[in-house]
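Structure file my_file-v7.tsv (TSV, C-alpha atoms) follows.
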```tsv
chain	number	residue	atom	x	y	z
A	203	MET	CA	111.45	-3.94	133.49
A	204	LYS	CA	110.23	-4.75	129.98
A	205	PRO	CA	109.76	-8.48	130.71
A	206	PHE	CA	107.57	-7.57	133.70
A	207	PHE	CA	105.41	-5.23	131.64
A	208	ALA	CA	105.28	-7.81	128.83
A	209	ALA	CA	103.97	-10.38	131.33
A	210	LEU	CA	101.52	-7.86	132.77
A	211	SER	CA	100.18	-7.06	129.31
A	212	PHE	CA	99.85	-10.73	128.35
A	213	LEU	CA	98.33	-12.05	131.58
A	214	THR	CA	95.99	-9.16	132.39
A	215	VAL	CA	93.88	-6.47	130.79
A	216	VAL	CA	95.82	-3.75	132.62
A	217	PRO	CA	96.70	-1.16	129.94
A	218	VAL	CA	100.44	-1.09	129.34
A	219	PRO	CA	102.01	1.39	126.88
A	220	ALA	CA	103.52	-0.37	123.89
A	221	GLY	CA	106.96	1.06	124.59
A	222	TRP	CA	106.98	-0.39	128.10
A	223	ARG	CA	106.17	-3.98	127.19
A	224	GLY	CA	108.90	-4.21	124.56
A	225	ALA	CA	109.08	-6.80	121.80
A	226	GLU	CA	108.20	-10.48	121.59
A	227	GLU	CA	111.63	-11.37	122.92
A	228	ASP	CA	110.79	-9.54	126.14
A	229	LEU	CA	107.64	-11.64	126.44
A	230	ALA	CA	109.75	-14.78	125.95
A	231	ARG	CA	111.88	-13.70	128.93
A	232	SER	CA	108.92	-12.73	131.10
A	233	VAL	CA	108.18	-16.02	132.94
A	234	PRO	CA	110.19	-15.04	136.07
A	235	ALA	CA	107.89	-12.01	136.37
A	236	PHE	CA	104.73	-14.14	136.58
A	237	PRO	CA	104.76	-14.25	140.42
A	238	LEU	CA	105.03	-10.44	140.50
A	239	VAL	CA	102.05	-10.17	138.19
A	240	GLY	CA	100.23	-12.64	140.43
A	241	ALA	CA	100.89	-10.41	143.43
A	242	LEU	CA	99.53	-7.40	141.55
A	243	VAL	CA	96.43	-9.31	140.47
A	244	GLY	CA	96.04	-10.45	144.07
A	245	GLY	CA	96.12	-6.85	145.24
A	246	LEU	CA	93.41	-5.90	142.76
A	247	CYS	CA	91.31	-8.88	143.85
A	248	VAL	CA	91.73	-7.86	147.51
A	249	ALA	CA	90.60	-4.34	146.67
A	250	ALA	CA	87.51	-5.67	144.91
A	251	GLY	CA	86.76	-8.05	147.77
A	252	TRP	CA	87.25	-5.39	150.44
A	253	GLY	CA	84.90	-3.01	148.66
A	254	ALA	CA	82.31	-5.74	148.11
A	255	LEU	CA	82.45	-6.88	151.75
A	256	ALA	CA	81.69	-3.34	152.85
A	257	ILE	CA	78.27	-3.37	151.18
A	258	LEU	CA	77.41	-7.01	150.45
A	259	PRO	CA	76.99	-10.26	152.41
A	260	PRO	CA	79.91	-12.73	152.16
A	261	ALA	CA	78.43	-14.89	149.40
A	262	ALA	CA	77.74	-11.92	147.14
A	263	ALA	CA	81.14	-10.43	147.95
A	264	ALA	CA	82.74	-13.74	146.96
A	265	VAL	CA	80.99	-13.55	143.60
A	266	ALA	CA	82.31	-10.02	143.13
A	267	ALA	CA	85.87	-11.03	144.02
A	268	VAL	CA	85.86	-14.03	141.69
A	269	ALA	CA	84.35	-11.90	138.92
A	270	ALA	CA	87.10	-9.32	139.43
A	271	LEU	CA	89.73	-12.06	139.24
A	272	ALA	CA	88.28	-13.27	135.95
A	273	ALA	CA	87.92	-9.75	134.59
A	274	VAL	CA	91.45	-8.60	135.33
A	275	SER	CA	92.84	-11.59	133.40
A	276	GLY	CA	90.37	-11.11	130.55
A	277	ALA	CA	89.11	-14.64	131.34
A	278	LEU	CA	92.26	-15.87	129.58
A	279	HIS	CA	92.81	-18.81	131.91
A	280	LEU	CA	89.12	-19.68	132.12
A	281	ASP	CA	89.08	-19.98	128.34
A	282	GLY	CA	92.04	-22.35	128.57
A	283	LEU	CA	90.26	-24.38	131.23
A	284	ALA	CA	87.14	-24.78	129.08
A	285	ASP	CA	89.12	-25.73	125.96
A	286	SER	CA	91.26	-28.18	127.92
A	287	ALA	CA	88.24	-29.89	129.46
A	288	ASP	CA	86.61	-30.26	126.05
A	289	GLY	CA	89.75	-31.68	124.47
A	290	LEU	CA	91.31	-33.81	127.17
A	291	PHE	CA	88.36	-35.58	128.75
A	292	GLY	CA	87.20	-38.65	126.93
A	293	PRO	CA	88.81	-41.41	124.85
A	294	ARG	CA	90.28	-39.21	122.12
A	295	THR	CA	93.51	-39.46	120.19
A	296	ARG	CA	96.20	-36.86	120.76
A	297	GLU	CA	95.54	-35.30	117.37
A	298	ARG	CA	91.79	-35.09	117.95
A	299	ALA	CA	92.29	-33.59	121.42
A	300	LEU	CA	94.57	-30.87	120.04
A	301	GLU	CA	92.09	-30.17	117.25
A	302	ILE	CA	89.21	-29.76	119.71
A	303	MET	CA	91.27	-27.46	121.91
A	304	LYS	CA	91.88	-25.13	118.95
A	305	ASP	CA	88.11	-24.75	118.49
A	306	SER	CA	86.91	-21.58	120.23
A	307	ARG	CA	83.45	-23.02	120.88
A	308	ILE	CA	82.70	-24.36	124.37
A	309	GLY	CA	81.32	-27.87	124.70
A	310	ALA	CA	79.56	-29.65	127.54
A	311	MET	CA	82.74	-30.62	129.37
A	312	GLY	CA	84.16	-27.13	129.10
A	313	ALA	CA	80.98	-25.55	130.43
A	314	THR	CA	80.86	-28.06	133.29
A	315	ALA	CA	84.48	-27.33	134.23
A	316	LEU	CA	83.81	-23.60	134.29
A	317	VAL	CA	80.76	-24.01	136.52
A	318	PHE	CA	82.54	-26.23	139.02
A	319	VAL	CA	85.70	-24.13	139.22
A	320	LEU	CA	83.85	-20.83	139.63
A	321	ALA	CA	81.44	-22.36	142.15
A	322	ALA	CA	84.33	-23.81	144.16
A	323	LYS	CA	86.12	-20.47	144.30
A	324	ILE	CA	82.98	-18.62	145.36
A	325	ALA	CA	82.02	-21.21	147.98
A	326	GLY	CA	85.54	-21.26	149.40
A	327	LEU	CA	85.75	-17.49	149.77
A	328	ALA	CA	82.20	-17.19	151.11
A	329	SER	CA	83.03	-19.61	153.94
A	330	LEU	CA	85.76	-17.34	155.34
A	331	ASP	CA	85.64	-14.40	157.72
A	332	LYS	CA	86.68	-11.00	156.38
A	333	SER	CA	90.37	-11.22	157.20
A	334	ALA	CA	90.75	-14.74	155.84
A	335	PHE	CA	88.64	-13.82	152.78
A	336	LEU	CA	91.08	-11.08	151.85
A	337	GLN	CA	94.10	-13.29	152.52
A	338	ALA	CA	92.73	-16.01	150.22
A	339	ALA	CA	91.81	-13.42	147.58
A	340	PHE	CA	95.46	-12.36	147.47
A	341	LEU	CA	97.01	-15.81	147.70
A	342	ALA	CA	94.97	-17.50	144.95
A	343	PRO	CA	96.18	-15.43	141.98
A	344	LEU	CA	99.72	-15.37	143.35
A	345	ALA	CA	99.80	-19.15	143.70
A	346	GLY	CA	98.12	-19.60	140.32
A	347	ARG	CA	100.71	-17.60	138.43
A	348	CYS	CA	103.57	-19.17	140.35
A	349	ALA	CA	102.19	-22.57	139.36
A	350	LEU	CA	101.93	-21.35	135.78
A	351	ALA	CA	105.60	-20.34	135.75
A	352	ALA	CA	106.55	-23.70	137.27
A	353	ALA	CA	104.56	-25.62	134.66
A	354	ILE	CA	106.27	-23.77	131.81
A	355	SER	CA	109.63	-24.63	133.35
A	356	ALA	CA	108.91	-28.32	133.89
A	357	VAL	CA	106.45	-29.46	131.20
A	358	PRO	CA	107.39	-29.76	127.49
A	359	TYR	CA	105.31	-27.99	124.88
A	360	ALA	CA	102.98	-30.24	122.92
A	361	ARG	CA	102.52	-28.17	119.74
A	362	PRO	CA	105.06	-26.98	117.17
A	363	SER	CA	103.59	-23.50	117.68
A	364	GLY	CA	100.78	-21.85	119.57
A	365	LEU	CA	99.89	-19.13	122.06
A	366	GLY	CA	102.14	-20.52	124.77
A	367	SER	CA	105.11	-21.39	122.59
A	368	VAL	CA	106.70	-17.96	122.97
A	369	PHE	CA	107.48	-18.70	126.62
A	370	TYR	CA	109.42	-21.82	125.65
A	371	ARG	CA	111.97	-19.96	123.56
A	372	ARG	CA	113.87	-18.86	126.66
A	373	ARG	CA	112.68	-21.57	129.04
A	374	SER	CA	114.84	-22.03	132.11
A	375	TYR	CA	114.55	-24.74	134.74
A	376	LEU	CA	115.70	-22.15	137.27
A	377	ASN	CA	112.21	-20.65	137.08
A	378	LEU	CA	110.88	-23.73	138.84
A	379	PRO	CA	112.61	-23.18	142.21
A	380	TRP	CA	111.95	-19.44	141.92
A	381	ALA	CA	108.23	-20.03	141.40
A	382	CYS	CA	108.09	-22.48	144.30
A	383	ALA	CA	109.94	-20.07	146.58
A	384	ALA	CA	107.72	-17.14	145.59
A	385	ALA	CA	104.55	-19.12	146.27
A	386	ALA	CA	105.79	-20.52	149.57
A	387	GLY	CA	107.24	-17.22	150.73
A	388	GLY	CA	104.14	-15.27	149.77
A	389	GLY	CA	101.87	-17.81	151.43
A	390	TRP	CA	103.88	-17.75	154.65
A	391	LEU	CA	104.10	-13.95	154.80
A	392	ILE	CA	100.39	-13.44	154.16
A	393	ALA	CA	98.86	-16.20	156.27
A	394	GLY	CA	101.53	-18.32	157.94
A	395	THR	CA	100.94	-22.06	157.95
A	396	ALA	CA	97.53	-21.71	156.29
A	397	GLY	CA	99.07	-19.72	153.45
A	398	LEU	CA	101.84	-22.26	153.07
A	399	ALA	CA	99.27	-25.05	152.89
A	400	ALA	CA	97.29	-23.12	150.26
A	401	SER	CA	100.41	-22.64	148.12
A	402	GLY	CA	101.29	-26.31	148.50
A	403	ALA	CA	97.80	-27.34	147.41
A	404	ALA	CA	98.07	-25.09	144.37
A	405	PHE	CA	101.29	-26.81	143.29
A	406	VAL	CA	99.83	-30.26	143.87
A	407	ALA	CA	96.89	-29.31	141.62
A	408	ALA	CA	99.31	-27.95	139.01
A	409	LEU	CA	101.37	-31.14	139.16
A	410	LEU	CA	98.33	-33.38	138.68
A	411	ALA	CA	97.04	-31.23	135.81
A	412	SER	CA	100.46	-31.29	134.15
A	413	LEU	CA	100.83	-35.06	134.50
A	414	TYR	CA	97.38	-35.56	132.98
A	415	SER	CA	98.23	-33.24	130.09
A	416	ILE	CA	101.48	-35.12	129.47
A	417	HIS	CA	99.60	-38.41	129.53
A	418	LYS	CA	96.95	-37.23	127.06
A	419	ILE	CA	98.88	-35.07	124.59
A	420	GLY	CA	102.55	-35.34	125.53
A	421	GLY	CA	102.94	-31.94	127.18
A	422	ALA	CA	101.41	-28.51	127.61
A	423	THR	CA	99.63	-26.06	125.34
A	424	GLY	CA	98.51	-22.52	125.99
A	425	ASP	CA	95.10	-23.91	126.95
A	426	THR	CA	96.42	-26.46	129.44
A	427	LEU	CA	98.67	-23.83	131.00
A	428	GLY	CA	95.63	-21.62	131.50
A	429	ALA	CA	93.76	-24.56	133.01
A	430	THR	CA	96.70	-25.20	135.33
A	431	CYS	CA	96.50	-21.62	136.60
A	432	GLU	CA	92.75	-21.91	137.24
A	433	LEU	CA	93.02	-25.25	139.01
A	434	ALA	CA	95.90	-23.97	141.15
A	435	GLU	CA	93.85	-20.92	142.18
A	436	THR	CA	90.89	-23.11	143.06
A	437	ALA	CA	93.01	-25.53	145.06
A	438	ALA	CA	94.61	-22.64	146.96
A	439	ILE	CA	91.24	-21.19	147.97
A	440	LEU	CA	89.76	-24.55	148.99
A	441	ALA	CA	92.87	-25.57	150.95
A	442	PHE	CA	92.91	-22.23	152.73
A	443	ALA	CA	89.21	-22.50	153.56
A	444	SER	CA	89.70	-26.05	154.81
A	445	TRP	CA	92.66	-25.05	156.96
A	446	ARG	CA	90.70	-22.20	158.49
A	447	HIS	CA	87.64	-24.35	159.05
A	448	PRO	CA	86.78	-24.43	162.78
A	449	GLY	CA	87.07	-28.21	162.88
A	450	LEU	CA	90.67	-28.09	161.63
A	451	ALA	CA	91.70	-24.88	163.31
A	452	ALA	CA	90.64	-26.13	166.75
```
So that I can check it, write out the structure of this file as structure tokens.
Amino acid sequence: MKPFFAALSFLTVVPVPAGWRGAEEDLARSVPAFPLVGALVGGLCVAAGWGALAILPPAAAAVAAVAALAAVSGALHLDGLADSADGLFGPRTRERALEIMKDSRIGAMGATALVFVLAAKIAGLASLDKSAFLQAAFLAPLAGRCALAAAISAVPYARPSGLGSVFYRRRSYLNLPWACAAAAGGGWLIAGTAGLAASGAAFVAALLASLYSIHKIGGATGDTLGATCELAETAAILAFASWRHPGLAA
């Protein structure tokens, strides 16, 4: 269980006793537990959304759910998204892009990426009825962390060291089919075909983000992995909302 608690401690702000999360080696072996953490985060997001829907209109409830999703992860992945946008967009050398991504300050591209991603999540959730809202609120973090595990399995690391390098010490390509199966199975169990489509969209977004990162800097960093998670979540919500749109559902 230590790898699970190590993943839970790293990916969320949920308090985990030090003895439960083990040592750094347990964190290195924790990637297979990412989908389980995603399911837990999804449950927390559903709880926040359900409570918000009881007292707020859908748009405001969507804001509350997205805020809860950001809060439970400590905005870890949003920070990676902002840093990645600042570093990877524009005609920069690999070295300059990596240097910019190490800078904790947020630039114009990073701020723009945050606004669009958060707005897309909120708009997607707000467009859904209560049942579909809660389904999407669960599926997005599950698909995002499954996509994160898949990216670690398939994409080389671009730095000699860094925040994400610990997960590459015990990297296994077997985590890729496991992550895909967890996302597809979870999507199907929660929402049938719509859930499967949402999970598929999340992996397409993760694939495109990974290919772009490989093209720009030769692989992944902790920041690009965080960005991959955020983009996968966003794609899952938008695909789910599109699938449940009356024009498509008819």
- Message: So that I can check the surroundings of stretch 323-329 of chain A, please list as a list of chain:residue names every protein, DNA and RNA residue that reaches within 6 Å of it, counting only C-alpha atoms and ignoring chain neighbours fewer than 3 positions away.
- Response: A:Pro260, A:Ala261, A:Ala264, A:Val265, A:Leu320, A:Phe335, A:Thr436, A:Ile439, A:Leu440, A:Ala443
- Compile the contact shell of A:Val216 as JSON, numbers by chain: residues with an atom at most 12 Å away, counting all atoms listed in the file, same-chain residues fewer than 6 positions apart removed. {"A": [207, 208, 209, 210, 223, 239, 242, 243, 246, 273, 274, 275, 276]}
Here's a test: counting all atoms listed in the file, identify every protein, DNA and RNA residue with an atom at most 8 Å from (95.8, -24.2, 126.5) in the file's coordinate frame, and state them as an mmCIF file with C-alpha atoms, in the frame of the given file.
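Below you can see out_22.cif, which holds the result:
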```cif
data_model
loop_
_atom_site.group_PDB
_atom_site.id
_atom_site.type_symbol
_atom_site.label_atom_id
_atom_site.label_comp_id
_atom_site.auth_asym_id
_atom_site.auth_seq_id
_atom_site.Cartn_x
_atom_site.Cartn_y
_atom_site.Cartn_z
ATOM 1 C CA GLY A 282 92.040 -22.350 128.570
ATOM 2 C CA LEU A 283 90.260 -24.380 131.230
ATOM 3 C CA ASP A 285 89.120 -25.730 125.960
ATOM 4 C CA SER A 286 91.260 -28.180 127.920
ATOM 5 C CA MET A 303 91.270 -27.460 121.910
ATOM 6 C CA LEU A 365 99.890 -19.130 122.060
ATOM 7 C CA GLY A 366 102.140 -20.520 124.770
ATOM 8 C CA ALA A 422 101.410 -28.510 127.610
ATOM 9 C CA THR A 423 99.630 -26.060 125.340
ATOM 10 C CA GLY A 424 98.510 -22.520 125.990
ATOM 11 C CA ASP A 425 95.100 -23.910 126.950
ATOM 12 C CA THR A 426 96.420 -26.460 129.440
ATOM 13 C CA LEU A 427 98.670 -23.830 131.000
ATOM 14 C CA GLY A 428 95.630 -21.620 131.500
ATOM 15 C CA ALA A 429 93.760 -24.560 133.010
#
```
- Which residue gives the smallest distance to A:Ala284 among A:Ala225, A:Glu432, A:Leu341, A:Ser367, with only C-alpha atoms counted? A:Glu432
Nearby residues (all atoms listed in the file) at most 10 Å from A:Asn377, same-chain spacing under 4 positions excluded, as a tab-separated table (two decimals) with C-alpha atoms, keeping the file's coordinate frame:
```tsv
chain	number	residue	atom	x	y	z
A	233	VAL	CA	108.18	-16.02	132.94
A	234	PRO	CA	110.19	-15.04	136.07
A	235	ALA	CA	107.89	-12.01	136.37
A	236	PHE	CA	104.73	-14.14	136.58
A	348	CYS	CA	103.57	-19.17	140.35
A	351	ALA	CA	105.60	-20.34	135.75
A	352	ALA	CA	106.55	-23.70	137.27
A	353	ALA	CA	104.56	-25.62	134.66
A	354	ILE	CA	106.27	-23.77	131.81
A	355	SER	CA	109.63	-24.63	133.35
A	356	ALA	CA	108.91	-28.32	133.89
A	373	ARG	CA	112.68	-21.57	129.04
A	381	ALA	CA	108.23	-20.03	141.40
A	382	CYS	CA	108.09	-22.48	144.30
A	383	ALA	CA	109.94	-20.07	146.58
```
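Note that atom CA of A:Arg298 and atom CA of A:Gly420 are 13.2 Å apart.
Using all atoms listed in the file, the contacts of A:Leu433 at a cut-off of 9 Å, with sequence neighbours closer than 5 positions omitted, comprise A:Leu283, A:Val319, A:Gly346, A:Ala404, A:Ala407, A:Ala408, A:Ala411, A:Gly428, A:Ala438.
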Generate the coordinates of N, CA and C atoms for stretch 226-249 of chain A; report them as a PDB file, in the frame of the given file.
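Dumped everything to result22.pdb:
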```pdb
ATOM      1  N   GLU A 226     108.542  -9.098 121.280  1.00  0.00           N
ATOM      2  CA  GLU A 226     108.200 -10.480 121.590  1.00  0.00           C
ATOM      3  C   GLU A 226     109.292 -11.179 122.387  1.00  0.00           C
ATOM      4  N   GLU A 227     110.520 -10.783 122.167  1.00  0.00           N
ATOM      5  CA  GLU A 227     111.630 -11.370 122.920  1.00  0.00           C
ATOM      6  C   GLU A 227     111.519 -11.054 124.404  1.00  0.00           C
ATOM      7  N   ASP A 228     110.997  -9.876 124.730  1.00  0.00           N
ATOM      8  CA  ASP A 228     110.790  -9.540 126.140  1.00  0.00           C
ATOM      9  C   ASP A 228     109.697 -10.411 126.745  1.00  0.00           C
ATOM     10  N   LEU A 229     108.680 -10.731 125.964  1.00  0.00           N
ATOM     11  CA  LEU A 229     107.640 -11.640 126.440  1.00  0.00           C
ATOM     12  C   LEU A 229     108.222 -13.033 126.662  1.00  0.00           C
ATOM     13  N   ALA A 230     109.122 -13.466 125.795  1.00  0.00           N
ATOM     14  CA  ALA A 230     109.750 -14.780 125.950  1.00  0.00           C
ATOM     15  C   ALA A 230     110.553 -14.869 127.236  1.00  0.00           C
ATOM     16  N   ARG A 231     111.069 -13.715 127.706  1.00  0.00           N
ATOM     17  CA  ARG A 231     111.880 -13.700 128.930  1.00  0.00           C
ATOM     18  C   ARG A 231     111.071 -13.320 130.165  1.00  0.00           C
ATOM     19  N   SER A 232     109.748 -13.301 130.053  1.00  0.00           N
ATOM     20  CA  SER A 232     108.920 -12.730 131.100  1.00  0.00           C
ATOM     21  C   SER A 232     108.450 -13.725 132.169  1.00  0.00           C
ATOM     22  N   VAL A 233     108.707 -15.017 131.993  1.00  0.00           N
ATOM     23  CA  VAL A 233     108.180 -16.020 132.940  1.00  0.00           C
ATOM     24  C   VAL A 233     108.591 -15.741 134.387  1.00  0.00           C
ATOM     25  N   PRO A 234     109.845 -15.327 134.674  1.00  0.00           N
ATOM     26  CA  PRO A 234     110.190 -15.040 136.070  1.00  0.00           C
ATOM     27  C   PRO A 234     109.352 -13.924 136.689  1.00  0.00           C
ATOM     28  N   ALA A 235     108.717 -13.100 135.853  1.00  0.00           N
ATOM     29  CA  ALA A 235     107.890 -12.010 136.370  1.00  0.00           C
ATOM     30  C   ALA A 235     106.462 -12.447 136.684  1.00  0.00           C
ATOM     31  N   PHE A 236     106.099 -13.692 136.338  1.00  0.00           N
ATOM     32  CA  PHE A 236     104.730 -14.140 136.580  1.00  0.00           C
ATOM     33  C   PHE A 236     104.314 -14.023 138.050  1.00  0.00           C
ATOM     34  N   PRO A 237     105.172 -14.422 139.020  1.00  0.00           N
ATOM     35  CA  PRO A 237     104.760 -14.250 140.420  1.00  0.00           C
ATOM     36  C   PRO A 237     104.487 -12.792 140.792  1.00  0.00           C
ATOM     37  N   LEU A 238     105.256 -11.864 140.222  1.00  0.00           N
ATOM     38  CA  LEU A 238     105.030 -10.440 140.500  1.00  0.00           C
ATOM     39  C   LEU A 238     103.687  -9.993 139.942  1.00  0.00           C
ATOM     40  N   VAL A 239     103.360 -10.472 138.746  1.00  0.00           N
ATOM     41  CA  VAL A 239     102.050 -10.170 138.190  1.00  0.00           C
ATOM     42  C   VAL A 239     100.954 -10.783 139.048  1.00  0.00           C
ATOM     43  N   GLY A 240     101.196 -12.002 139.548  1.00  0.00           N
ATOM     44  CA  GLY A 240     100.230 -12.640 140.430  1.00  0.00           C
ATOM     45  C   GLY A 240      99.980 -11.834 141.683  1.00  0.00           C
ATOM     46  N   ALA A 241     101.047 -11.248 142.245  1.00  0.00           N
ATOM     47  CA  ALA A 241     100.890 -10.410 143.430  1.00  0.00           C
ATOM     48  C   ALA A 241     100.072  -9.157 143.117  1.00  0.00           C
ATOM     49  N   LEU A 242     100.309  -8.576 141.948  1.00  0.00           N
ATOM     50  CA  LEU A 242      99.530  -7.400 141.550  1.00  0.00           C
ATOM     51  C   LEU A 242      98.065  -7.754 141.349  1.00  0.00           C
ATOM     52  N   VAL A 243      97.804  -8.866 140.664  1.00  0.00           N
ATOM     53  CA  VAL A 243      96.430  -9.310 140.470  1.00  0.00           C
ATOM     54  C   VAL A 243      95.778  -9.602 141.829  1.00  0.00           C
ATOM     55  N   GLY A 244      96.545 -10.198 142.737  1.00  0.00           N
ATOM     56  CA  GLY A 244      96.040 -10.450 144.070  1.00  0.00           C
ATOM     57  C   GLY A 244      95.639  -9.162 144.778  1.00  0.00           C
ATOM     58  N   GLY A 245      96.461  -8.139 144.631  1.00  0.00           N
ATOM     59  CA  GLY A 245      96.120  -6.850 145.240  1.00  0.00           C
ATOM     60  C   GLY A 245      94.832  -6.268 144.678  1.00  0.00           C
ATOM     61  N   LEU A 246      94.649  -6.387 143.374  1.00  0.00           N
ATOM     62  CA  LEU A 246      93.410  -5.900 142.760  1.00  0.00           C
ATOM     63  C   LEU A 246      92.206  -6.707 143.230  1.00  0.00           C
ATOM     64  N   CYS A 247      92.396  -8.021 143.378  1.00  0.00           N
ATOM     65  CA  CYS A 247      91.310  -8.880 143.850  1.00  0.00           C
ATOM     66  C   CYS A 247      90.959  -8.553 145.303  1.00  0.00           C
ATOM     67  N   VAL A 248      91.968  -8.268 146.116  1.00  0.00           N
ATOM     68  CA  VAL A 248      91.730  -7.860 147.510  1.00  0.00           C
ATOM     69  C   VAL A 248      90.936  -6.555 147.556  1.00  0.00           C
ATOM     70  N   ALA A 249      91.316  -5.609 146.705  1.00  0.00           N
ATOM     71  CA  ALA A 249      90.600  -4.340 146.670  1.00  0.00           C
ATOM     72  C   ALA A 249      89.137  -4.534 146.304  1.00  0.00           C
TER      73      ALA A 249
END
```
